[in-house]
Amino acid sequence: MPSAIMFGSGFAVALVAYIIAFGDFIVLKALIKQADEARPDEKLVVPIGRSHIIVALRNFVEGTFLPYPPFLGPQWTSGQALVVQRYMHSTPEQEYTYWGGATSIFWGMSIALALNPFVQIMLPAKNIGLGLTLLIQGYLCSYLAMEMCENNIQRAIAGIMTGALIMANYVTLWKPIFGMYSAFFSAPAMGLLVGIVLHILVEREPGAPKKKK
């Protein structure tokens, strides 16, 4: 039977995965909002609740038969940004609906993945593609995060959280527990912990007037 430490590590990983997935939905809503503002000719409706159900069913099947965490996210953020930007900067005559671009890119990827010769040709450039994906996603998430912050205090906390997350990948401030590194001390967990502490100590200033909703 797995030890309590292993169960705890699994719970921590699940919590981090949930936070990352939740962030994907926030990014999706922000992108769709920008698209609606740029293209009032079409109202994009993306039911987040239905997306949760679809992702849960897909991850259950994939996690059971071919578990691979990088493919378990709610969306491909870089691809989503590509589709949204193309849609935003096109006229109704050029791109009459968002869903045309969204479905075409994912159908194209699915068909390409089924063609083994094409996959073999692209494999040498895999690391370059992954690097570009991370750069685009990092830029997009930073851009949206700064836009969602309402004041300089929140922006400062976001910046410090980013620094803590990066440093946690390179600086070991803890020792393994019974020979195992706990996921509670992973980089995302450290960034989140720093953000919570700063939110309590800095942003929630005692005696400050509450913002009206």
# chains A, B, ... in the order shown; residues from 1 in each chain; ligands from 1
>>> select_by_dssp(residues="stretch 19-209 of chain A", states="alpha helix (DSSP H)", output="VMD selection string")
chain A and resid 19 to 38 48 to 65 77 to 88 98 to 113 116 to 122 126 to 148 152 to 168 187 to 198
>>> closest_atom_pairs(of="stretch 3-119 of chain A", to="stretch 133-147 of chain A", cutoff="8 Å", atoms="only C-alpha atoms", output="JSON lines")
{"residue": "A:Val27", "atom": "CA", "partner": "A:Cys141", "partner_atom": "CA", "distance": 7.1}
{"residue": "A:Ala30", "atom": "CA", "partner": "A:Leu144", "partner_atom": "CA", "distance": 7.2}
{"residue": "A:Thr77", "atom": "CA", "partner": "A:Gln137", "partner_atom": "CA", "distance": 6.2}
{"residue": "A:Ser78", "atom": "CA", "partner": "A:Gln137", "partner_atom": "CA", "distance": 5.6}
{"residue": "A:Ala81", "atom": "CA", "partner": "A:Leu140", "partner_atom": "CA", "distance": 7.9}
>>> residues_around(residues="stretch 157-159 of chain A", least_positions_apart="4", cutoff="9 Å", atoms="only C-alpha atoms", output="list in words")
Ala145, Met146, Cys149, Asn152, Ile153, Gly163, Ala164, Val194, Gly195, Leu198, His199, Val202 and Glu203 of chain A
>>> write_last_selection(atoms="C-alpha atoms", output="mmCIF file, in the first residue's frame")
data_model
loop_
_atom_site.group_PDB
_atom_site.id
_atom_site.type_symbol
_atom_site.label_atom_id
_atom_site.label_comp_id
_atom_site.auth_asym_id
_atom_site.auth_seq_id
_atom_site.Cartn_x
_atom_site.Cartn_y
_atom_site.Cartn_z
ATOM 1 C CA ALA A 145 -2.229 38.917 -15.580
ATOM 2 C CA MET A 146 -1.080 42.535 -15.652
ATOM 3 C CA CYS A 149 -4.484 43.422 -11.780
ATOM 4 C CA ASN A 152 0.268 48.481 -8.488
ATOM 5 C CA ILE A 153 0.214 46.404 -5.298
ATOM 6 C CA GLY A 163 10.344 35.432 -9.077
ATOM 7 C CA ALA A 164 9.608 32.952 -6.282
ATOM 8 C CA VAL A 194 4.311 33.555 -1.494
ATOM 9 C CA GLY A 195 1.311 35.136 -3.219
ATOM 10 C CA LEU A 198 1.782 38.797 0.445
ATOM 11 C CA HIS A 199 -1.942 39.113 -0.204
ATOM 12 C CA VAL A 202 0.323 43.677 1.998
ATOM 13 C CA GLU A 203 -2.846 43.850 -0.047
#
>>> residues_around(residues="A:Val45", least_positions_apart="3", cutoff="10 Å", atoms="only C-alpha atoms", output="PyMOL selection string")
chain A and resi 29+32-33+36+42+48
>>> atom_distance(atom1="atom CA of A:Leu193", atom2="atom CA of A:Ala4")
22.3 Å
>>> closest_residue(among="A:Asn169, A:Arg58, A:Leu31, A:Tyr96", to="A:Pro188", atoms="only C-alpha atoms")
A:Asn169
>>> atom_distance(atom1="atom CA of A:Met190", atom2="atom CA of A:Lys126")
29.5 Å
>>> atom_distance(atom1="atom CA of A:Lys43", atom2="atom CA of A:Thr97")
9.6 Å
>>> closest_residue(among="A:Asp41, A:Ala56, A:Ser3, A:Leu115", to="A:Glu93", atoms="only C-alpha atoms")
A:Asp41
>>> closest_atom_pairs(of="stretch 31-150 of chain A", to="stretch 6-25 of chain A", cutoff="7 Å", atoms="only C-alpha atoms", output="tab-separated table")
residue	atom	partner	partner_atom	distance
A:Gly73	CA	A:Ala21	CA	6.1
A:Pro74	CA	A:Ala21	CA	6.2
A:Gln75	CA	A:Asp24	CA	6.7
>>> write_last_selection(atoms="N, CA and C atoms", output="mmCIF file, in the first residue's frame")
data_model
loop_
_atom_site.group_PDB
_atom_site.id
_atom_site.type_symbol
_atom_site.label_atom_id
_atom_site.label_comp_id
_atom_site.auth_asym_id
_atom_site.auth_seq_id
_atom_site.Cartn_x
_atom_site.Cartn_y
_atom_site.Cartn_z
ATOM 1 N N GLY A 73 -4.458 19.281 -20.355
ATOM 2 C CA GLY A 73 -4.939 20.622 -20.033
ATOM 3 C C GLY A 73 -6.237 20.955 -20.754
ATOM 4 N N PRO A 74 -6.954 21.961 -20.264
ATOM 5 C CA PRO A 74 -8.223 22.347 -20.898
ATOM 6 C C PRO A 74 -8.051 22.932 -22.291
ATOM 7 N N GLN A 75 -6.911 23.579 -22.539
ATOM 8 C CA GLN A 75 -6.735 24.195 -23.847
ATOM 9 C C GLN A 75 -5.249 24.319 -24.163
#
